[in-house]
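Source file: run_3.txt. Holds: compact mmCIF, C-alpha atoms (C1' of nucleotides).
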```txt
# COMPACT_ATOMS: atom_id res chain seq x y z
CA MET A 1 27.19 -75.18 150.97
CA LYS A 2 30.17 -74.61 148.76
CA PHE A 3 31.10 -71.65 146.59
CA ALA A 4 32.02 -71.99 142.93
CA GLU A 5 34.42 -69.43 141.50
CA ASP A 6 31.60 -67.21 140.23
CA GLN A 7 29.90 -67.09 143.62
CA ALA A 8 33.18 -66.41 145.37
CA LEU A 9 33.93 -63.56 142.98
CA GLU A 10 30.53 -62.04 143.65
CA ALA A 11 30.94 -62.41 147.42
CA LEU A 12 34.43 -60.94 147.36
CA GLY A 13 33.21 -58.06 145.24
CA ALA A 14 30.37 -57.45 147.67
CA LEU A 15 32.70 -57.32 150.66
CA SER A 16 35.26 -55.12 148.92
CA GLN A 17 33.19 -52.02 149.55
CA GLN A 18 33.36 -50.15 152.83
CA THR A 19 29.63 -49.61 153.30
CA ARG A 20 28.83 -53.24 152.56
CA LEU A 21 31.64 -54.61 154.71
CA ARG A 22 30.32 -52.55 157.61
CA MET A 23 26.78 -53.71 156.94
CA VAL A 24 27.87 -57.32 157.16
CA ARG A 25 29.75 -56.64 160.36
CA THR A 26 26.70 -54.91 161.78
CA LEU A 27 24.43 -57.80 160.84
CA VAL A 28 26.78 -60.47 162.17
CA VAL A 29 26.84 -58.67 165.51
CA ALA A 30 23.06 -58.26 165.40
CA GLY A 31 22.64 -62.01 165.20
CA PRO A 32 19.94 -64.15 163.60
CA GLU A 33 17.15 -61.77 164.60
CA GLY A 34 18.63 -59.25 162.21
CA LEU A 35 17.90 -55.56 161.69
CA SER A 36 15.56 -53.58 159.48
CA ALA A 37 16.96 -52.06 156.31
CA GLY A 38 16.59 -48.64 157.87
CA ALA A 39 18.47 -49.67 161.00
CA VAL A 40 21.31 -51.14 158.97
CA GLY A 41 21.51 -48.00 156.86
CA ALA A 42 21.55 -45.80 159.96
CA ALA A 43 24.24 -47.96 161.57
CA VAL A 44 26.60 -47.44 158.65
CA GLY A 45 25.52 -43.93 157.70
CA ALA A 46 23.86 -44.66 154.38
CA SER A 47 20.75 -43.07 152.88
CA SER A 48 17.72 -45.30 152.46
CA SER A 49 18.34 -45.52 148.76
CA SER A 50 21.99 -46.32 149.22
CA ALA A 51 21.25 -48.85 151.94
CA SER A 52 18.76 -50.61 149.71
CA PHE A 53 21.28 -50.71 146.87
CA HIS A 54 24.01 -52.24 149.01
CA LEU A 55 21.76 -54.67 150.86
CA ALA A 56 20.46 -55.96 147.53
CA ASN A 57 24.06 -56.46 146.45
CA LEU A 58 24.87 -58.44 149.60
CA ASP A 59 21.69 -60.47 149.17
CA ARG A 60 22.62 -61.36 145.59
CA ALA A 61 26.05 -62.40 146.82
CA GLY A 62 24.51 -64.74 149.38
CA LEU A 63 25.99 -62.96 152.37
CA VAL A 64 22.72 -61.71 153.87
CA GLN A 65 19.07 -62.69 153.67
CA SER A 66 15.83 -60.82 154.15
CA ARG A 67 12.29 -61.30 155.35
CA ARG A 68 9.39 -58.93 155.70
CA ASP A 69 8.08 -57.97 159.11
CA ALA A 70 5.17 -55.57 158.89
CA ARG A 71 6.40 -52.41 157.25
CA SER A 72 10.05 -53.34 157.64
CA ILE A 73 12.32 -55.63 155.72
CA ILE A 74 14.54 -57.42 158.18
CA TYR A 75 18.01 -58.31 157.00
CA SER A 76 20.21 -60.84 158.73
CA ALA A 77 23.65 -62.27 158.10
CA ASN A 78 23.78 -65.43 156.05
CA TYR A 79 26.21 -67.45 158.11
CA GLU A 80 26.32 -70.24 155.55
CA GLY A 81 27.39 -67.82 152.86
CA LEU A 82 30.02 -66.19 155.04
CA ALA A 83 31.41 -69.57 156.04
CA ALA A 84 31.39 -70.70 152.40
CA LEU A 85 33.45 -67.67 151.40
CA ILE A 86 36.06 -68.27 154.08
CA GLU A 87 36.19 -71.92 153.15
CA PHE A 88 36.61 -71.04 149.49
CA LEU A 89 39.55 -68.80 150.29
CA MET A 90 41.13 -71.46 152.45
CA GLU A 91 40.77 -74.25 149.93
CA ASP A 92 41.59 -72.04 147.00
CA CYS A 93 44.52 -70.18 148.44
CA CYS A 94 45.81 -72.73 150.90
CA GLN A 95 46.30 -75.57 148.44
CA GLY A 96 48.06 -77.73 150.97
CA ARG A 97 50.38 -74.97 152.13
CA PRO A 98 50.11 -74.55 155.90
CA GLU A 99 51.57 -71.04 155.71
CA VAL A 100 48.11 -69.76 154.92
CA CYS A 101 45.85 -72.05 156.83
CA ALA A 102 47.78 -72.48 160.04
CA PRO A 103 47.22 -68.95 161.36
CA ALA A 104 43.65 -69.13 160.22
CA SER A 105 43.25 -72.42 161.98
CA ILE A 106 44.44 -70.87 165.23
CA THR A 107 42.02 -67.99 164.87
CA ALA A 108 39.13 -70.26 164.03
CA THR A 109 39.84 -72.60 166.89
CA ALA A 110 40.33 -69.77 169.34
CA CYS A 111 37.13 -68.12 168.24
CA CYS A 112 34.89 -71.13 168.22
CA THR A 113 36.09 -73.57 170.77
CA PRO A 114 34.53 -72.65 174.11
CA GLY A 115 36.99 -72.79 176.98
CA LYS A 116 40.02 -72.63 174.76
CA THR A 117 42.50 -69.83 174.18
CA THR A 118 41.10 -66.67 172.65
CA ALA A 119 42.43 -65.18 169.44
CA LYS A 120 44.08 -62.39 171.41
CA GLU A 121 45.81 -64.78 173.77
CA ALA A 122 46.94 -66.96 170.86
CA THR A 123 48.59 -64.10 168.99
CA ASP A 124 50.12 -62.72 172.19
CA ALA A 125 51.66 -66.07 173.05
CA MET B 1 50.61 -59.33 160.40
CA LYS B 2 47.10 -58.02 160.79
CA PHE B 3 44.86 -56.24 158.34
CA ALA B 4 43.12 -52.98 159.08
CA GLU B 5 39.83 -52.32 157.34
CA ASP B 6 41.48 -50.40 154.51
CA GLN B 7 43.92 -53.19 153.76
CA ALA B 8 41.18 -55.79 153.91
CA LEU B 9 39.07 -53.76 151.48
CA GLU B 10 41.97 -53.52 149.07
CA ALA B 11 42.72 -57.24 149.34
CA LEU B 12 39.06 -58.18 148.86
CA GLY B 13 38.84 -55.88 145.86
CA ALA B 14 41.96 -57.43 144.40
CA LEU B 15 40.57 -60.94 144.76
CA SER B 16 37.14 -60.03 143.41
CA GLN B 17 38.38 -60.14 139.84
CA GLN B 18 38.60 -63.39 137.91
CA THR B 19 42.02 -62.85 136.38
CA ARG B 20 43.55 -61.83 139.69
CA LEU B 21 41.89 -64.63 141.67
CA ARG B 22 43.33 -67.11 139.17
CA MET B 23 46.75 -65.47 139.39
CA VAL B 24 46.78 -65.89 143.15
CA ARG B 25 45.71 -69.50 142.84
CA THR B 26 48.47 -70.08 140.27
CA LEU B 27 51.08 -68.47 142.50
CA VAL B 28 49.98 -70.32 145.63
CA VAL B 29 50.31 -73.60 143.75
CA ALA B 30 53.67 -72.48 142.33
CA GLY B 31 55.02 -72.06 145.85
CA PRO B 32 57.67 -69.75 147.27
CA GLU B 33 59.89 -70.02 144.17
CA GLY B 34 57.20 -68.15 142.27
CA LEU B 35 56.74 -67.58 138.56
CA SER B 36 57.78 -64.89 136.12
CA ALA B 37 55.22 -62.24 135.20
CA GLY B 38 55.03 -63.73 131.73
CA ALA B 39 54.43 -67.23 133.08
CA VAL B 40 51.64 -66.00 135.36
CA GLY B 41 50.04 -64.11 132.49
CA ALA B 42 50.26 -67.15 130.23
CA ALA B 43 48.78 -69.38 132.94
CA VAL B 44 45.68 -67.20 133.21
CA GLY B 45 45.47 -66.09 129.59
CA ALA B 46 46.33 -62.43 130.02
CA SER B 47 48.39 -60.19 127.74
CA SER B 48 51.69 -58.90 129.10
CA SER B 49 50.17 -55.50 129.67
CA SER B 50 47.12 -56.94 131.38
CA ALA B 51 49.23 -59.27 133.49
CA SER B 52 51.40 -56.39 134.63
CA PHE B 53 48.33 -54.36 135.55
CA HIS B 54 46.79 -57.13 137.63
CA LEU B 55 50.02 -58.24 139.27
CA ALA B 56 50.68 -54.65 140.33
CA ASN B 57 47.21 -54.57 141.84
CA LEU B 58 47.83 -57.78 143.80
CA ASP B 59 51.20 -56.45 144.92
CA ARG B 60 49.62 -53.24 146.21
CA ALA B 61 47.06 -55.33 148.06
CA GLY B 62 49.82 -57.31 149.79
CA LEU B 63 48.76 -60.64 148.31
CA VAL B 64 51.85 -61.23 146.16
CA GLN B 65 55.43 -60.00 146.15
CA SER B 66 58.03 -59.62 143.43
CA ARG B 67 61.77 -59.79 142.90
CA ARG B 68 63.90 -59.40 139.82
CA ASP B 69 65.73 -62.37 138.40
CA ALA B 70 67.76 -61.41 135.32
CA ARG B 71 65.31 -60.22 132.69
CA SER B 72 62.29 -61.57 134.51
CA ILE B 73 60.30 -60.30 137.44
CA ILE B 74 59.40 -63.24 139.62
CA TYR B 75 56.11 -63.03 141.48
CA SER B 76 55.24 -65.24 144.39
CA ALA B 77 52.28 -65.53 146.73
CA ASN B 78 52.48 -63.51 149.92
CA TYR B 79 51.31 -66.10 152.42
CA GLU B 80 51.27 -63.60 155.25
CA GLY B 81 48.90 -61.38 153.33
CA LEU B 82 46.61 -64.23 152.38
CA ALA B 83 46.53 -65.47 155.95
CA ALA B 84 45.86 -61.95 157.21
CA LEU B 85 42.89 -61.62 154.89
CA ILE B 86 41.34 -64.88 156.04
CA GLU B 87 41.96 -63.92 159.64
CA PHE B 88 40.37 -60.54 159.10
CA LEU B 89 37.26 -62.17 157.68
CA MET B 90 37.07 -64.59 160.56
CA GLU B 91 37.50 -62.01 163.28
CA ASP B 92 35.37 -59.47 161.51
CA CYS B 93 32.54 -61.68 160.46
CA CYS B 94 32.68 -64.31 163.13
CA GLN B 95 32.36 -62.00 166.15
CA GLY B 96 32.02 -64.88 168.56
CA ARG B 97 29.41 -66.65 166.46
CA PRO B 98 30.56 -70.20 165.79
CA GLU B 99 28.19 -70.53 162.81
CA VAL B 100 30.82 -68.88 160.65
CA CYS B 101 34.06 -70.06 162.15
CA ALA B 102 33.22 -73.64 162.96
CA PRO B 103 33.09 -74.85 159.34
CA ALA B 104 36.18 -72.80 158.58
CA SER B 105 37.90 -74.31 161.56
CA ILE B 106 37.20 -77.78 160.24
CA THR B 107 38.59 -76.88 156.82
CA ALA B 108 41.66 -75.26 158.28
CA THR B 109 42.34 -78.15 160.60
CA ALA B 110 41.87 -80.72 157.85
CA CYS B 111 44.20 -78.77 155.62
CA CYS B 112 46.93 -77.83 157.99
CA THR B 113 47.08 -79.96 161.09
CA PRO B 114 50.73 -80.99 161.50
CA GLY B 115 51.17 -84.72 161.36
CA LYS B 116 48.53 -85.11 158.70
CA THR B 117 49.97 -85.39 155.23
CA THR B 118 48.52 -82.96 152.72
CA ALA B 119 48.28 -83.65 149.03
CA LYS B 120 51.09 -81.21 148.33
CA GLU B 121 53.43 -82.67 150.92
CA ALA B 122 52.72 -86.13 149.56
CA THR B 123 53.78 -85.15 146.05
CA ASP B 124 56.77 -83.17 147.30
CA ALA B 125 58.08 -86.06 149.37
C1' DT C 1 -10.49 -44.89 152.27
C1' DC C 2 -6.71 -41.81 153.38
C1' DC C 3 -2.39 -40.94 155.39
C1' DA C 4 2.07 -42.05 157.38
C1' DT C 5 5.95 -45.20 157.39
C1' DA C 6 9.43 -48.26 155.28
C1' DT C 7 11.66 -49.73 151.41
C1' DT C 8 12.65 -50.24 146.61
C1' DT C 9 13.20 -48.60 141.87
C1' DC C 10 14.67 -45.44 138.43
C1' DA C 11 17.47 -42.11 135.82
C1' DA C 12 21.38 -39.19 135.71
C1' DC C 13 25.95 -38.18 136.80
C1' DG C 14 30.83 -38.57 138.02
C1' DA C 15 34.36 -41.80 139.26
C1' DC C 16 36.68 -45.88 138.85
C1' DT C 17 38.08 -50.36 136.38
C1' DC C 18 39.61 -53.28 132.69
C1' DT C 19 41.34 -53.94 128.05
C1' DT C 20 44.09 -52.78 124.16
C1' DG C 21 48.02 -51.44 121.65
C1' DA C 22 52.04 -48.55 121.28
C1' DG C 23 56.14 -47.27 123.29
C1' DA C 24 59.67 -46.89 127.02
C1' DG C 25 62.96 -48.97 130.56
C1' DA C 26 65.89 -52.70 132.19
C1' DT C 27 68.80 -56.68 131.44
C1' DT C 28 71.48 -60.09 128.91
C1' DG C 29 74.36 -62.08 125.33
C1' DA C 30 76.64 -61.51 120.78
C1' DT D 1 77.52 -51.22 121.29
C1' DC D 2 73.55 -53.56 119.22
C1' DA D 3 69.76 -56.49 119.19
C1' DA D 4 66.66 -59.45 121.62
C1' DT D 5 63.83 -60.36 125.59
C1' DC D 6 60.95 -59.28 129.41
C1' DT D 7 58.23 -56.16 131.81
C1' DC D 8 56.18 -51.82 132.81
C1' DT D 9 53.85 -47.40 131.61
C1' DC D 10 50.79 -44.60 129.16
C1' DA D 11 46.57 -43.00 126.82
C1' DA D 12 42.12 -43.96 124.90
C1' DG D 13 37.75 -46.14 125.14
C1' DA D 14 33.96 -49.14 126.79
C1' DG D 15 31.91 -50.70 130.69
C1' DT D 16 30.73 -50.94 135.61
C1' DC D 17 29.99 -48.91 140.27
C1' DG D 18 28.24 -45.76 143.84
C1' DT D 19 25.56 -41.62 144.97
C1' DT D 20 21.73 -38.65 144.69
C1' DG D 21 17.00 -37.28 144.68
C1' DA D 22 12.45 -38.14 142.97
C1' DA D 23 8.89 -41.33 142.30
C1' DA D 24 6.72 -45.90 142.89
C1' DT D 25 5.35 -49.87 145.85
C1' DA D 26 3.86 -52.21 150.09
C1' DT D 27 2.08 -52.23 154.74
C1' DG D 28 -0.48 -50.76 158.85
C1' DG D 29 -3.40 -47.66 161.46
C1' DA D 30 -6.98 -43.88 161.91
```

Would you mind writing the file's structure down as structure tokens?
Amino acid sequence: MKFAEDQALEALGALSQQTRLRMVRTLVVAGPEGLSAGAVGAAVGASSSSASFHLANLDRAGLVQSRRDARSIIYSANYEGLAALIEFLMEDCCQGRPEVCAPASITATACCTPGKTTAKEATDA
Amino acid sequence: MKFAEDQALEALGALSQQTRLRMVRTLVVAGPEGLSAGAVGAAVGASSSSASFHLANLDRAGLVQSRRDARSIIYSANYEGLAALIEFLMEDCCQGRPEVCAPASITATACCTPGKTTAKEATDA
DNA sequence: TCCATATTTCAACGACTCTTGAGAGATTGA
DNA sequence: TCAATCTCTCAAGAGTCGTTGAAATATGGA
């Protein structure tokens, strides 16, 4: 999955709002099982109407996805979309200049390579 | 350099606008020498007033920086800020889940691993 | 079927954003 | 100093965004 400029703009716009950024964080922590719309709203302190509005925005932007489970709509992070956004920023803004990607590379490696240095240790070093 | 939530929100908001995203891309490609405000505006098709507005926004967000050179104001990409934004997204959205960081890690490594020649370095050499 | 629960949709409102064009401020060279 | 160049600032206007509360829709259980 790869973001075109339009999709990246929509994703960036979606994340540039406090409530939505916190929703994404909440859903990433919640994992693939996800959380109901109500639970997400409660976690970030949004009314049901507001939660619905913001979750729809994140859905449109490809950063979360939803499925129905009985009376609830379960939202979960769209890891592909999140990864696509980060990749877009790296390719778009890095443009062969290690100044941008190198620190990101350290963070990514530290975060995702089991047994290797953690992000904290890497920055401390 | 590390972004707090507020700074990340401002940076994301700054990048979520077509003209500004293109300005950043233009300035990253231009390199540390930068480009005059007029040149950036011309590159993205913005009037002088519009260019000034958007460049000020990017400056506030910590994604570009400026210096005066004779009659011109030279803008250049703030690599620290760009890196900080990508790192924020990785730490914030990755949260120990390799689904997000792993693809980013690959991109970052491909782009920036020392010893590998990037497109830019090849043309510069 | 009827009711309770969970979520979405809608309209209205204020706040913010982007664009435009006019004008002001800074710098340079004649 | 004067004029030219480059950029920024300001005000007005159209458009978009986020919040609120009420109403509509969908599901499950009594």

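The spacing separating atom CA of Ala102 of chain A from atom CA of Glu99 of chain B amounts to 19.9 Å.
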
Within 6 Å of chain B, which residues of chain A show up when using all atoms listed in the file, listed as a PDB file with C-alpha atoms, keeping the file's coordinate frame?
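Everything below was put into result17.pdb:
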```
ATOM      1  CA  LEU A   9      33.930 -63.560 142.980  1.00  0.00           C
ATOM      2  CA  LEU A  12      34.430 -60.940 147.360  1.00  0.00           C
ATOM      3  CA  GLY A  13      33.210 -58.060 145.240  1.00  0.00           C
ATOM      4  CA  SER A  16      35.260 -55.120 148.920  1.00  0.00           C
ATOM      5  CA  ARG A  25      29.750 -56.640 160.360  1.00  0.00           C
ATOM      6  CA  TYR A  79      26.210 -67.450 158.110  1.00  0.00           C
ATOM      7  CA  ALA A  83      31.410 -69.570 156.040  1.00  0.00           C
ATOM      8  CA  GLU A  87      36.190 -71.920 153.150  1.00  0.00           C
ATOM      9  CA  CYS A  93      44.520 -70.180 148.440  1.00  0.00           C
ATOM     10  CA  GLY A  96      48.060 -77.730 150.970  1.00  0.00           C
ATOM     11  CA  PRO A  98      50.110 -74.550 155.900  1.00  0.00           C
ATOM     12  CA  GLU A  99      51.570 -71.040 155.710  1.00  0.00           C
ATOM     13  CA  VAL A 100      48.110 -69.760 154.920  1.00  0.00           C
ATOM     14  CA  CYS A 101      45.850 -72.050 156.830  1.00  0.00           C
ATOM     15  CA  ALA A 102      47.780 -72.480 160.040  1.00  0.00           C
ATOM     16  CA  ALA A 104      43.650 -69.130 160.220  1.00  0.00           C
ATOM     17  CA  SER A 105      43.250 -72.420 161.980  1.00  0.00           C
ATOM     18  CA  ALA A 108      39.130 -70.260 164.030  1.00  0.00           C
ATOM     19  CA  THR A 109      39.840 -72.600 166.890  1.00  0.00           C
ATOM     20  CA  CYS A 112      34.890 -71.130 168.220  1.00  0.00           C
TER      21      CYS A 112
END
```

- How close is chain A to chain B in C-alpha RMSD after a least-squares fit, all Cα atoms in order?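 Least-squares fit of chain A onto chain B, C-alpha RMSD 4.4 Å.
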
What are the closest atom pairs, with distances in Å to one decimal, for all residues of chain B lying within 8 Å of chain C? Consider all atoms listed in the file, order rows by chain and residue number, and present the result as a Markdown table.
```
| residue | atom | partner | partner_atom | distance |
| --- | --- | --- | --- | --- |
| B:Ser50 | CA | C:DT19 | C1' | 7.3 |
| B:Ala70 | CA | C:DT27 | C1' | 6.2 |
| B:Arg71 | CA | C:DT27 | C1' | 5.1 |
```

Selected residues written out with C-alpha atoms, as a short mmCIF file (atom, residue, chain, number, x, y, z; two decimals), in the coordinates of the input:
```
data_model
loop_
_atom_site.label_atom_id
_atom_site.label_comp_id
_atom_site.auth_asym_id
_atom_site.auth_seq_id
_atom_site.Cartn_x
_atom_site.Cartn_y
_atom_site.Cartn_z
CA SER B 50 47.12 -56.94 131.38
CA ALA B 70 67.76 -61.41 135.32
CA ARG B 71 65.31 -60.22 132.69
#
```

Grab all the atoms of segment 7-24 of chain C that the file lists, wrap them in a box along x, y and z, add 8 Å per side, and give me centre plus edge lengths in Å (one decimal) as JSON.
```
{"center_x": 35.7, "center_y": -46.1, "center_z": 136.3, "size_x": 64.0, "size_y": 31.8, "size_z": 46.1}
```

- Pull out every residue of chain B sitting within 10 Å of chain D, counting only C-alpha atoms (C1' of nucleotides), and send them as a VMD selection string. chain B and resid 36 to 38 48 to 49 51 to 53 56 70 to 73

- Query: atom CA of Ser47 of chain A to atom CA of Glu33 of chain A: how many Å, to one decimal?
  - Reply: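 Straight-line distance from atom CA of Ser47 of chain A to atom CA of Glu33 of chain A works out to 22.4 Å.
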
- Message: Between atom CA of Pro32 of chain A and atom CA of Tyr75 of chain A, what distance in Å does the model show, to one decimal?
- Response: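 Straight-line distance from atom CA of Pro32 of chain A to atom CA of Tyr75 of chain A works out to 9.0 Å.
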